[in-house]
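Encoded as structure tokens, the structure appears first; notes follow it.
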There are 2 protein chains.
Amino acid sequence: MKRRDFVAAAGAATLLGACGQTKDCATGEADASAQTQETINWTMATTWPPGFQGLGTGAEYLAEQINKLSNGRIKVKVYGAGELVPALQVFDAVSSGSVEMGHGASYYWKGKLPAASFFSSVPFGLNAQEMNGWLLKGGGLELWQELYAPYNLIPMPGGNTDIQMAGWFNKEINSMEDIKGLKMRIPGLGGEVLKRAGGTPELIAGGEIFSALEMGRIDAAEFVGPYNDLAFGFYKAAKYYYYPGWQEPGATLEAIINKDAMEQLPDDLQEIVRTACLVANTDMLAEFSQKNSEALKILVEEHSVELKKLPDDVLNRFKQISEELVAEQGEHDELSKRIYQSYLSFKGLSLEWRKISRSL
Amino acid sequence: MKRRDFVAAAGAATLLGACGQTKDCATGEADASAQTQETINWTMATTWPPGFQGLGTGAEYLAEQINKLSNGRIKVKVYGAGELVPALQVFDAVSSGSVEMGHGASYYWKGKLPAASFFSSVPFGLNAQEMNGWLLKGGGLELWQELYAPYNLIPMPGGNTDIQMAGWFNKEINSMEDIKGLKMRIPGLGGEVLKRAGGTPELIAGGEIFSALEMGRIDAAEFVGPYNDLAFGFYKAAKYYYYPGWQEPGATLEAIINKDAMEQLPDDLQEIVRTACLVANTDMLAEFSQKNSEALKILVEEHSVELKKLPDDVLNRFKQISEELVAEQGEHDELSKRIYQSYLSFKGLSLEWRKISRSL
């Protein structure tokens, strides 16, 4: 529903009078549930191909939860990337109010807002559980909301992919020498790290990775993790599957809500929208936990994929470059600095606890 | 609200007629929101001391979420252990319908239902994220519901403490020799493992651990993790703080709902109750992630606590005993066997993914 339609609908409801029903109160035949059944129709634009496993289906789950929890008072219709607006225009579309909601990842907007990356994933950053700790209990969500407020947007965590894989390689990586000149599909900050390490990051859309790998136009490609990578069949186009996904150790997906649309909702529906985002956040991580485990087994046992760990000297060099690069994301203005400091301080605390919790 | 009160209230609503309002429809002064404001009062009994950090406050958060999401249509009043029923009678109280909800941990009921332990935590079992994967996507929740169905109960995950610590010790543990005769407060399956390993598990209530440690009546005690342990001041009564918490690697807390009470709710309120449990589940884990990290730093830096890792040979022996003991929990009947097999198969899959996701 566009904003003016919503206002019109709200006006119509008012015209029905204090009785708040669509039939005449005096007839005694009023539909008692009419007021609660007043449907608010929202549109959600996403950055995912329609029906994309885990991510696109996670956005659909979120919409369904809003519908169920509100008993149909809000209906959210979900569109894939390009169906309504292109993937990279989702932020602007929700900001302007041409759609009420969006689902994507905050690092897509780092050109506009460099500090946005902290709210999805940064190289060698927080893992999925730690992201929830920082966002929900460490002040992260409040900073994220502050960052998006000038754009008339309310962000919420709306999913997590868990740690990703380092990617598919047709050449072995034994030392930093093998990184020099490596042509690899790797977007975002990860790509910038690769570039500073001597490699050549390539920007290739998800749907074109397979043929680029198969034709030898690139030496390597990172995408998501076993769940999505199995579905895309990358094992047919590359020999080695490297881990760990240093570039995205636990990517939070975002739900964004147009602030005006949100504020026109009664309090309980606002709570329902926020809560549905949190439940979608948990549900997606649970799905990736289960599906990644399952897909990894299939890749190794049925498709004879060779799993390999990146050598320590490569990981250490990537880490060093990453820390410099991530610090640069937090240098742009006063708010970026506060976001970076908050993230860094949570990460420092978490690393000690991580060491302990991983020792079993 | 007791069941008969609920039925009475529902009857009263019907008597109001199709108009469903508390005032005369014909007057035109009807309170349009009356129908949605019909309050259902529920009572939640918990196994936690009133206001207990993280666990008790998590139960209160759950109640508050139900209230907010339902716009006050359900109000849940939370009672601490002993305020209404003793901690270990929560299961029976919800089962009989004398209260509508409970909050606790499923392993408290292992005397009655040995397989119940799988739904909270078993020694060397799944961690918090893996528990969510198994419960929500691996068939675990359906099995849990099947296990509780004969008791007229619907279980839901309602929190997670994250991995716990191995405990507070006044004697160093350098080998299995130091376990022989060790008097340690450690309940549940962990206690049974200690016993089979030659130690002496002691049953001591949370509030009495401090003095038992301080007086030397026991050599060691496990409780929860840094967040709760700091608050209880155990660092004043013991020298060493050992990790990892092999006995509880990611304890899921449970919300239980009386089935009749649930089924009397309209569909959207049932969805709201289930969703509030899932959100409480996530919120508590986020809180423990943040608070454990913070408390660990305080314990080490301000209270000079000496952190120590249990030696590998001790962990390996505990693991061996644990695997035998855990298998016994899944031997009692056909359903126990299916629960154990499902858990074991999810754990097998997860361990491979865990290795990869922890390599960063």
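By order in the structure tokens, chains are A, B, ...; within a chain, residues start at 1; ligands start at 1, following the order shown.
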* Would you mind listing what lies within 12 Å of Asp268 of chain A as a count of residues only, with only C-alpha atoms counted and same-chain residues fewer than 2 positions away left out? => 29
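Neighbours of Ala149 of chain B closer than or equal to 10 Å, with only C-alpha atoms counted and sequence neighbours fewer than 4 positions away skipped, come out as Ser95, Leu143, Trp144, Gln145, Leu153, Ile154, Pro155, Asn258 and Lys259 of chain B.
Residue nearest chain A within the list B:Glu301, B:Glu202, B:Glu328, B:Glu294: B:Glu294 [criterion: smallest interatomic distance, only C-alpha atoms].
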* as a PyMOL selection string, list the residues of segment 132-264 of chain A assigned to helix (DSSP H, G or I) by DSSP on the backbone atoms of this structure. => chain A and resi 132-137+140-151+176-178+188-196+206-214+226-231+234-236+259-263
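Residues of segment 172-292 of chain B that DSSP, applied to the backbone, places in strand (DSSP E): Lys183, Met184, Arg185, Thr200, Pro201, Glu202, Ala220, Ala221, Tyr240, Tyr241, Tyr242, Tyr243, Thr252, Leu253, Glu254, Ala255, Ile256, Ile257 and Asn258 of chain B.
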Go ahead and write the selection's residues with C-alpha atoms as a compact mmCIF listing (two decimals), in the first residue's frame.
```
# COMPACT_ATOMS: atom_id res chain seq x y z
CA LYS B 183 33.23 -33.40 46.19
CA MET B 184 31.46 -31.16 43.72
CA ARG B 185 28.09 -29.49 43.46
CA THR B 200 31.17 -37.35 44.48
CA PRO B 201 28.40 -35.15 43.11
CA GLU B 202 26.54 -33.14 45.74
CA ALA B 220 34.10 -27.41 43.70
CA ALA B 221 30.77 -26.22 42.30
CA TYR B 240 40.09 -21.30 40.14
CA TYR B 241 37.44 -20.84 37.48
CA TYR B 242 37.56 -23.80 35.10
CA TYR B 243 36.22 -24.05 31.54
CA THR B 252 17.84 -24.34 26.10
CA LEU B 253 15.23 -23.16 28.60
CA GLU B 254 11.66 -24.20 28.07
CA ALA B 255 8.33 -22.47 28.05
CA ILE B 256 5.48 -24.90 28.59
CA ILE B 257 1.85 -24.14 27.87
CA ASN B 258 -1.21 -26.03 29.04
```
* Structure fact -> Judged by only C-alpha atoms, the minimum distance to Met284 of chain B among B:Val90, B:Glu146, B:Gly250, B:Ile298 is found for B:Gly250
